[in-house]
Amino acid sequence: MSSTIKAEAPIFKNRITTLGRINKFKNENLEAKLYTEIRPIKDIEVWSLPGGSGAWQKYTFESVLDQEFLATEIGKSFGPTWTTHWFKITFNIPEEWEGKEVHFQWYSGSEATLWDPTGRILQGLTPGFREEYVISKKYIIGPPITYYVEMACNTLFGAGVGGDGSIAPPDENRYFTLERVNIAIFDQSLYKLHTDMEMLWQMADIFSDTHIGYQAMFAANEMVNKIIFGKNDDAGKVADEFFAEGNGAKVHTLYSIGHCHIDSAWLWPYNETIRKCARSWAAQISLLNEYNEIYFACSQAAQFDWMKIYYPDFYKELKKAVGENRFVPVGGAWVEMDGNMPSGEAFIRQFFYGQRFFQQEFGILCKEFWLPDTFGYSAQIPQIIKHVGIHRLMTQKLSWNQVNKMPNHSFHWEGIDGSSVLVHFPPADTYNGDSNIRQLLFTQNNSQDKGRANAGMYLYGHGDGGGGPTRTIIERLLRVKDVDGIPKIVMSSPEQFWERLELEERKLYKWVGELFLEFHNGTYTSQAKIKWYNRKCEFLFREVELLLAIAYTTGKVSKDTVQADIAIVDKYWKDFMLNQFHDVLPGSCIELVVIDAWKLYEELFTNVMSLRRNYHSHILGSGTVLIGFNPLPWQVQSVLFNKPDIGTGFPSGPNVQDVILDAESFDDSIEGRYLIPSSFKAAVVKLDPSGYSSLTPLPPASPVSYTDGEFRNGVLRLKLENTELPNEELFFTKKNGQEDLVFNDFENTGTKGGMLYIYDDVPLFWDAWDIADYHMETKHLPNYQNIGKIEIFAEGPIVGGYKWKADFGNGSSLTRYTIIRADSPMIEYFLVVDWKEKHKLLKVEFPINVLSREATYEIQYGHIKRPTHASTSWDWAKYEVCGHKWVDISQAEKGFTLITESKYGFCVRGNIVKLSLLKAPKNPDANCDIHKHYIHYAILPHEGAFQEAEVIRRAYEFNYFGANNFPLLSGLSEFPTNWVTVEHPAVIVGAFKLAHDISDTAVVRLYESHGGSVLTTVRLGFKVIKVQPCNGLETPEGDEIPVSDNSFQVSFTPFKLQSFLIGFEVAN
């Protein structure tokens, strides 16, 4: 018969001294004595791998073994930052340690990976929480043991200057000292007592002057007394009996999931993340083998792919754990991307490639979108993820909101099209739980769903820089799985949690619209060049995939050729999506990451543009006809600019104008090569939809003229004031012939139309991430010096414009070109800025002659409205927001649109429309944006609603044609055109590509852009066999759609996104 060990009350009831006694005893008599015997290892050799960041990728484990290792010792330092050093460690375990639990100990202050001699990764070694490896739970005498340690000269959070883990640029000359290499006997029984006492002490401390608090304190105090008298077993029973006293039936339940958030790049480069994954995940495989009841969730298909490429043997272990449903892939995306700036198609491709990888490798499709740490969530995400078969979202970042607390942790989220998904924010307000009592209680008490949902997700494990759960974190949870006063702990898979939450989802509230993060709004602007590349690549992919489809469908290339080229496009999509990670595209990463991202973009541009040239040649053949390509599904008639690299250009003639913006060539810089050139020929041309057109320069219907300081083009009148700075007045002509004033500072803010303004930009902490609200109090004109005179560079008839230049600030300079094209309703500004500022923010601003309480911003596959006022705290918090190609402010009969080709940060307050151009943070990249920038934006005053003014089409045209050097082609006189067109102007073709898995089939993706319901006809320029709806993964869904004369009809509700499989007959 087992005896019961009851906790006795201490003789005195002084809570402070009793708690102090317990804590002191726990630390000094238990924790400090967990290792009963420690022996330093003497046989240590080292080989320092040549090269810095990423050099480790050149060496396999087998090639490392072939190197010459030299003797080294404790106390030696290794570096500099980002280098790699391999250690060979050989030791004997004393025979008298037989039967003991034996650990290997390592401490170098840096991250490291432990390998066995066969090349098997054993686990990561991380300062602070994983500094040991279990050699054996019960040692059996054997031969000498050899381990290899791969030391990386960086910490869990990079190598920030100062070495204190703060967010700072890396110290590139940091060294790490080898301080500890030991074998040691670990006392597992003492470790149990320590964990027991720690959890009891935490309960006693937190529950304070309550019955539970005193009971926990008495139990811990009784443990101390029994241990003092050598009754360790009895002490353990005191704890066991306390923890066995179960909870009530209505207690809140925490579904606890092991988690290890690893930023794909942040304070360390991509190549270091690869090793972080291996270190962290190998440790989790060991823990899964040790603890049968735990699960580990892991997102980002790109990181799994890295393991497959760089650690194929470990990847086999990983696949086995996934197959056992213990190591659980989640999220479905290629990476945990930014939630605001990627286009709709880029979002779709994140899931297309991510889910495709998980399905091909593991036979699974993820059911939840896993995005715990991004900087806001577009209102189109619900529809996008449902389009790829996902109906749940887990995140927690909105717990960082500075002003308003989200009213729920579990809720239905409805997007702009009416699609709804189930959302859960783990109430711990972290994805890096450490299982302490205070955090577990906070998770329960912080829940905003009391009475509606009695379960929450609890993610435990070290994260951001990797690491994941440790034995201590797991043991803490296991102690309090079912303890009175503590939420019930269920060691769970993600699916088990979602199934539980779905039982209560009918009681949950609904949130409609975006999930706006009231924080990190500077990420819409930091690292402008990355954002520039992002927009350009999104348009380039769209164009090239259309070309591949045209070439194959028309029989101009073979199936083998096009499949090989699709594989190239796939490769660059994956590189591109990697750069959409939520610390890369937002610009909140170190300079080393930025340089890596630029390299990926430049390689992408070089090779995908080469594909574009090749496919134009495949399709057009060899001929002399002057041809232009229009990837848009509507006719475009516009003034286009061209400066040929070689060969074809606009012929000289009365309808062609030579324009010189500047004697200095923009084309010599990376960005400049893909923007309008410094000198060019301009002509009005008409391009047929979705395909090729022969080009004949046309006379402008409303030519540009310049007289007495005024530019006119029949639509617009731009008047320049004769002042030191180029003050502009703008008028547009309405259909009735009357002129309307565009710029009007009727609120008397002192803002001039199109003028540049500087703000102080000194966030409290998150330098690259934030634009603090108080920046709005610091607006001023740049302190211009060396102001140049206004120079007219063109007076028409096809192009007109002027330029001016000035120096300002800390050695910065700018040149602004104002451009007006014939027949165009837009004024364009092309700005070249050599930016050298520190903690400054550059904006362009327009006071508009419009009164509106809302502004409309383009987002993925649609648009949303946001307030232009600050009536509530929710309104005020949106002082800097994200938009895509355009923002519009309108009243009943007119409006104004601002269009960009690479900017994402906007502010509309009152009638002032502001665009953030450049930011100058110093952390974590001290050189962020300190280089020359090429910035192009346009303004479009209009009559009626923006839908009537076809603003969406003009924004696409500006991004495809207006802000680029338009390529002129030559070829034969017969060519494909009208490849895919849509009858209704509200319906936009988002993508047209060849299907990946179904032969002789294309995919067309369409969306309704105006916010209304329409029935439209889709016309195709090739022989169509069948049309069937599909999802974003290209999986057929629903019945076939009738086809007539290579056309089909489809209906749309507001902002509806639809994809279709188009079976076709390849032309001979």
# chains A, B, ... in the order shown; residues from 1 in each chain; ligands from 1
>>> residues_around(residues="stretch 385-393 of chain A", least_positions_apart="6", cutoff="8 Å", atoms="only C-alpha atoms", output="MDAnalysis selection string")
chainID A and resid 348 351:352 366:371 419:424 1031:1033 1057
>>> write_last_selection(atoms="N, CA, C and O atoms", output="mmCIF file, in the first residue's frame")
data_model
loop_
_atom_site.group_PDB
_atom_site.id
_atom_site.type_symbol
_atom_site.label_atom_id
_atom_site.label_comp_id
_atom_site.auth_asym_id
_atom_site.auth_seq_id
_atom_site.Cartn_x
_atom_site.Cartn_y
_atom_site.Cartn_z
ATOM 1 N N ILE A 348 -0.728 34.301 -54.366
ATOM 2 C CA ILE A 348 -1.171 33.007 -54.882
ATOM 3 C C ILE A 348 0.024 32.089 -55.102
ATOM 4 O O ILE A 348 0.004 30.896 -54.745
ATOM 5 N N PHE A 351 1.549 30.208 -52.160
ATOM 6 C CA PHE A 351 0.843 28.975 -51.796
ATOM 7 C C PHE A 351 0.955 27.924 -52.890
ATOM 8 O O PHE A 351 1.020 26.727 -52.593
ATOM 9 N N PHE A 352 0.965 28.356 -54.148
ATOM 10 C CA PHE A 352 1.098 27.390 -55.231
ATOM 11 C C PHE A 352 2.385 26.597 -55.078
ATOM 12 O O PHE A 352 2.379 25.358 -55.128
ATOM 13 N N CYS A 366 -1.598 21.858 -46.457
ATOM 14 C CA CYS A 366 -1.855 22.573 -45.204
ATOM 15 C C CYS A 366 -3.258 23.180 -45.232
ATOM 16 O O CYS A 366 -3.727 23.639 -46.278
ATOM 17 N N LYS A 367 -3.900 23.195 -44.071
ATOM 18 C CA LYS A 367 -5.260 23.715 -43.960
ATOM 19 C C LYS A 367 -5.303 25.100 -43.322
ATOM 20 O O LYS A 367 -6.359 25.725 -43.294
ATOM 21 N N GLU A 368 -4.143 25.540 -42.781
ATOM 22 C CA GLU A 368 -4.115 26.837 -42.123
ATOM 23 C C GLU A 368 -2.991 27.694 -42.685
ATOM 24 O O GLU A 368 -1.949 27.183 -43.084
ATOM 25 N N PHE A 369 -3.237 28.974 -42.762
ATOM 26 C CA PHE A 369 -2.201 29.934 -43.103
ATOM 27 C C PHE A 369 -1.527 30.327 -41.797
ATOM 28 O O PHE A 369 -2.179 30.757 -40.856
ATOM 29 N N TRP A 370 -0.226 30.159 -41.747
ATOM 30 C CA TRP A 370 0.547 30.333 -40.503
ATOM 31 C C TRP A 370 1.455 31.550 -40.697
ATOM 32 O O TRP A 370 2.465 31.478 -41.372
ATOM 33 N N LEU A 371 1.070 32.689 -40.138
ATOM 34 C CA LEU A 371 1.814 33.924 -40.370
ATOM 35 C C LEU A 371 1.884 34.722 -39.067
ATOM 36 O O LEU A 371 1.265 35.774 -38.919
ATOM 37 N N SER A 419 -15.544 36.704 -48.553
ATOM 38 C CA SER A 419 -14.975 35.431 -48.108
ATOM 39 C C SER A 419 -14.639 35.522 -46.621
ATOM 40 O O SER A 419 -14.172 36.554 -46.130
ATOM 41 N N SER A 420 -14.825 34.411 -45.920
ATOM 42 C CA SER A 420 -14.598 34.400 -44.480
ATOM 43 C C SER A 420 -13.738 33.204 -44.097
ATOM 44 O O SER A 420 -13.927 32.097 -44.625
ATOM 45 N N VAL A 421 -12.785 33.442 -43.195
ATOM 46 C CA VAL A 421 -11.936 32.368 -42.674
ATOM 47 C C VAL A 421 -11.914 32.465 -41.150
ATOM 48 O O VAL A 421 -12.182 33.517 -40.573
ATOM 49 N N LEU A 422 -11.572 31.351 -40.523
ATOM 50 C CA LEU A 422 -11.476 31.292 -39.071
ATOM 51 C C LEU A 422 -10.075 31.714 -38.652
ATOM 52 O O LEU A 422 -9.085 31.202 -39.168
ATOM 53 N N VAL A 423 -10.007 32.656 -37.710
ATOM 54 C CA VAL A 423 -8.726 33.217 -37.283
ATOM 55 C C VAL A 423 -8.528 32.976 -35.793
ATOM 56 O O VAL A 423 -9.475 33.057 -35.001
ATOM 57 N N HIS A 424 -7.283 32.701 -35.432
ATOM 58 C CA HIS A 424 -6.937 32.600 -34.018
ATOM 59 C C HIS A 424 -5.645 33.343 -33.747
ATOM 60 O O HIS A 424 -4.648 33.168 -34.452
ATOM 61 N N ASN A 1031 -8.909 26.045 -58.640
ATOM 62 C CA ASN A 1031 -8.448 26.892 -57.545
ATOM 63 C C ASN A 1031 -7.048 27.415 -57.860
ATOM 64 O O ASN A 1031 -6.499 27.179 -58.932
ATOM 65 N N GLY A 1032 -6.468 28.109 -56.904
ATOM 66 C CA GLY A 1032 -5.152 28.697 -57.117
ATOM 67 C C GLY A 1032 -4.033 27.680 -57.206
ATOM 68 O O GLY A 1032 -2.923 28.029 -57.612
ATOM 69 N N LEU A 1033 -4.321 26.430 -56.834
ATOM 70 C CA LEU A 1033 -3.337 25.349 -56.960
ATOM 71 C C LEU A 1033 -3.490 24.627 -58.286
ATOM 72 O O LEU A 1033 -2.828 23.609 -58.511
ATOM 73 N N LEU A 1057 -12.385 36.748 -57.099
ATOM 74 C CA LEU A 1057 -11.206 36.176 -57.755
ATOM 75 C C LEU A 1057 -11.580 34.794 -58.283
ATOM 76 O O LEU A 1057 -12.119 33.969 -57.535
#
>>> residues_around(residues="stretch 962-978 of chain A", least_positions_apart="6", cutoff="8 Å", atoms="only C-alpha atoms", output="count of residues only")
39
>>> residues_around(residues="stretch 36-41 of chain A", least_positions_apart="6", cutoff="10 Å", atoms="only C-alpha atoms", output="VMD selection string")
chain A and resid 73 to 74 89 to 94 97 102 to 105 180 to 187 190
>>> residues_around(residues="stretch 283-298 of chain A", least_positions_apart="4", cutoff="8 Å", atoms="only C-alpha atoms", output="PyMOL selection string")
chain A and resi 122-124+257-261+279+317-318+321+325-330+468-471+491-494
>>> write_last_selection(atoms="N, CA, C and O atoms", output="compact mmCIF listing (two decimals), in the first residue's frame")
# COMPACT_ATOMS: atom_id res chain seq x y z
N LEU A 122 23.46 15.87 -34.99
CA LEU A 122 22.88 15.45 -33.71
C LEU A 122 21.95 16.53 -33.16
O LEU A 122 20.83 16.24 -32.77
N GLN A 123 22.42 17.78 -33.12
CA GLN A 123 21.56 18.88 -32.69
C GLN A 123 22.35 20.18 -32.77
O GLN A 123 23.55 20.20 -32.98
N GLY A 124 21.64 21.28 -32.58
CA GLY A 124 22.28 22.57 -32.46
C GLY A 124 22.77 22.81 -31.05
O GLY A 124 22.30 22.20 -30.09
N ILE A 257 1.62 23.56 -28.55
CA ILE A 257 2.29 23.07 -29.76
C ILE A 257 3.73 23.58 -29.76
O ILE A 257 3.97 24.78 -29.62
N GLY A 258 4.67 22.67 -29.93
CA GLY A 258 6.06 23.07 -30.07
C GLY A 258 6.25 23.91 -31.33
O GLY A 258 5.68 23.61 -32.37
N HIS A 259 7.07 24.94 -31.21
CA HIS A 259 7.18 25.89 -32.32
C HIS A 259 8.56 26.52 -32.32
O HIS A 259 9.17 26.69 -31.26
N CYS A 260 9.03 26.84 -33.49
CA CYS A 260 10.35 27.44 -33.62
C CYS A 260 10.33 28.39 -34.80
O CYS A 260 10.60 27.99 -35.92
N HIS A 261 9.96 29.63 -34.54
CA HIS A 261 9.91 30.62 -35.61
C HIS A 261 11.34 30.96 -36.02
O HIS A 261 12.14 31.41 -35.21
N ARG A 279 20.13 23.14 -37.18
CA ARG A 279 20.41 23.07 -35.73
C ARG A 279 19.12 22.88 -34.94
O ARG A 279 19.02 22.02 -34.06
N GLU A 317 15.31 11.78 -41.96
CA GLU A 317 14.76 11.72 -40.60
C GLU A 317 13.55 12.65 -40.48
O GLU A 317 12.55 12.32 -39.84
N LEU A 318 13.68 13.82 -41.09
CA LEU A 318 12.61 14.81 -41.05
C LEU A 318 11.35 14.26 -41.72
O LEU A 318 10.24 14.37 -41.16
N ALA A 321 9.55 11.83 -39.47
CA ALA A 321 8.80 12.48 -38.40
C ALA A 321 7.53 13.14 -38.93
O ALA A 321 6.48 13.14 -38.28
N ASN A 325 3.21 12.31 -38.28
CA ASN A 325 2.36 13.43 -37.85
C ASN A 325 2.82 14.03 -36.53
O ASN A 325 2.03 14.52 -35.73
N ARG A 326 4.14 14.00 -36.31
CA ARG A 326 4.69 14.61 -35.10
C ARG A 326 5.40 15.92 -35.44
O ARG A 326 5.34 16.89 -34.69
N PHE A 327 6.10 15.93 -36.55
CA PHE A 327 6.75 17.13 -37.07
C PHE A 327 5.81 17.64 -38.17
O PHE A 327 5.75 17.06 -39.25
N VAL A 328 5.05 18.71 -37.89
CA VAL A 328 3.88 19.05 -38.69
C VAL A 328 4.14 20.29 -39.55
O VAL A 328 4.27 21.39 -39.02
N PRO A 329 4.22 20.13 -40.87
CA PRO A 329 4.31 21.31 -41.74
C PRO A 329 3.00 22.10 -41.68
O PRO A 329 1.91 21.53 -41.75
N VAL A 330 3.12 23.40 -41.57
CA VAL A 330 1.94 24.28 -41.50
C VAL A 330 2.16 25.48 -42.42
O VAL A 330 3.25 25.75 -42.88
N GLY A 468 13.70 26.64 -30.79
CA GLY A 468 12.56 25.77 -30.54
C GLY A 468 12.46 25.33 -29.09
O GLY A 468 13.16 25.84 -28.20
N PRO A 469 11.58 24.38 -28.80
CA PRO A 469 11.41 23.89 -27.44
C PRO A 469 12.68 23.25 -26.88
O PRO A 469 13.52 22.74 -27.62
N THR A 470 12.79 23.30 -25.58
CA THR A 470 13.85 22.61 -24.86
C THR A 470 13.22 21.64 -23.87
O THR A 470 12.01 21.68 -23.62
N ARG A 471 14.05 20.78 -23.29
CA ARG A 471 13.53 19.85 -22.29
C ARG A 471 12.87 20.60 -21.13
O ARG A 471 11.83 20.20 -20.63
N MET A 491 -1.11 18.60 -24.90
CA MET A 491 -0.04 18.57 -25.89
C MET A 491 -0.68 18.18 -27.22
O MET A 491 -1.22 17.08 -27.37
N SER A 492 -0.61 19.08 -28.20
CA SER A 492 -1.54 18.99 -29.32
C SER A 492 -0.83 19.21 -30.65
O SER A 492 0.20 19.88 -30.73
N SER A 493 -1.44 18.69 -31.69
CA SER A 493 -1.09 19.08 -33.05
C SER A 493 -1.93 20.30 -33.41
O SER A 493 -2.97 20.55 -32.79
N PRO A 494 -1.56 21.07 -34.43
CA PRO A 494 -2.40 22.19 -34.84
C PRO A 494 -3.81 21.75 -35.22
O PRO A 494 -4.79 22.43 -34.88
>>> atom_distance(atom1="atom CA of A:Arg476", atom2="atom CA of A:Leu200")
10.4 Å
>>> residues_around(residues="A:Pro170", least_positions_apart="3", cutoff="12 Å", atoms="only C-alpha atoms", output="VMD selection string")
chain A and resid 80 to 82 153 to 155 157 to 167 173 to 174 266 to 269 589 to 593 922 to 927
>>> write_last_selection(atoms="C-alpha atoms", output="mmCIF file, in the first residue's frame")
data_model
loop_
_atom_site.group_PDB
_atom_site.id
_atom_site.type_symbol
_atom_site.label_atom_id
_atom_site.label_comp_id
_atom_site.auth_asym_id
_atom_site.auth_seq_id
_atom_site.Cartn_x
_atom_site.Cartn_y
_atom_site.Cartn_z
ATOM 1 C CA PRO A 80 35.658 37.180 -37.392
ATOM 2 C CA THR A 81 31.889 37.465 -37.771
ATOM 3 C CA TRP A 82 30.173 35.067 -40.194
ATOM 4 C CA CYS A 153 30.645 33.085 -35.643
ATOM 5 C CA ASN A 154 27.312 34.673 -34.848
ATOM 6 C CA THR A 155 24.797 34.512 -32.038
ATOM 7 C CA PHE A 157 20.388 37.085 -33.185
ATOM 8 C CA GLY A 158 23.285 37.827 -35.507
ATOM 9 C CA ALA A 159 26.246 39.818 -34.323
ATOM 10 C CA GLY A 160 24.958 43.266 -33.423
ATOM 11 C CA VAL A 161 27.400 45.979 -32.425
ATOM 12 C CA GLY A 162 27.726 45.980 -28.652
ATOM 13 C CA GLY A 163 27.168 42.244 -28.329
ATOM 14 C CA ASP A 164 24.126 42.688 -26.072
ATOM 15 C CA GLY A 165 21.585 41.239 -28.485
ATOM 16 C CA SER A 166 20.074 44.631 -29.351
ATOM 17 C CA ILE A 167 18.836 45.497 -32.831
ATOM 18 C CA ASN A 173 34.984 41.833 -36.565
ATOM 19 C CA ARG A 174 33.513 39.934 -33.668
ATOM 20 C CA TRP A 266 16.835 39.187 -40.636
ATOM 21 C CA LEU A 267 19.848 39.994 -38.464
ATOM 22 C CA TRP A 268 21.677 37.221 -40.319
ATOM 23 C CA PRO A 269 21.832 36.279 -44.024
ATOM 24 C CA CYS A 589 17.047 43.438 -42.208
ATOM 25 C CA ILE A 590 20.811 43.944 -42.077
ATOM 26 C CA GLU A 591 22.837 45.190 -45.026
ATOM 27 C CA LEU A 592 24.229 41.724 -45.784
ATOM 28 C CA VAL A 593 20.683 40.486 -46.429
ATOM 29 C CA LYS A 922 20.357 53.411 -39.181
ATOM 30 C CA ASN A 923 19.301 50.119 -37.596
ATOM 31 C CA PRO A 924 19.623 47.320 -38.425
ATOM 32 C CA ASP A 925 21.268 48.533 -41.682
ATOM 33 C CA ALA A 926 23.431 51.591 -41.091
ATOM 34 C CA ASN A 927 23.497 52.283 -44.846
#
>>> residues_around(residues="stretch 516-529 of chain A", least_positions_apart="3", cutoff="7 Å", atoms="only C-alpha atoms", output="list in words")
Phe375, Gly376, Tyr377, Leu398, Asn401, Gln402, Val403, Trp532, Tyr533, Pro586, Gly587, Ser588, Ala768, Trp769, Asp770, Ile771, Ala877, Glu880, Val881, Cys882, Tyr904, Gly905, Ser916, Leu917, Leu918, Lys919, Cys928 and Asp929 of chain A
>>> closest_residue(among="A:Leu695, A:Ile790, A:Leu1061, A:Val980", to="A:Asn727", atoms="only C-alpha atoms")
A:Ile790
>>> select_by_dssp(residues="stretch 703-836 of chain A", states="strand (DSSP E)", output="PyMOL selection string")
chain A and resi 705-707+710-712+716-720+728-733+739-741+755-760+791-795+799-808+812-821+827-834
>>> atom_distance(atom1="atom CA of A:Trp106", atom2="atom CA of A:Pro127")
8.9 Å
>>> residues_around(residues="stretch 249-255 of chain A", least_positions_apart="6", cutoff="7 Å", atoms="only C-alpha atoms", output="ChimeraX atom specification")
/A:444,454-458,487-492,497
>>> atom_distance(atom1="atom CA of A:Trp634", atom2="atom CA of A:Leu547")
16.4 Å
>>> select_by_dssp(residues="stretch 524-670 of chain A", states="alpha helix (DSSP H)", output="PyMOL selection string")
chain A and resi 528-553+559-578+591-620
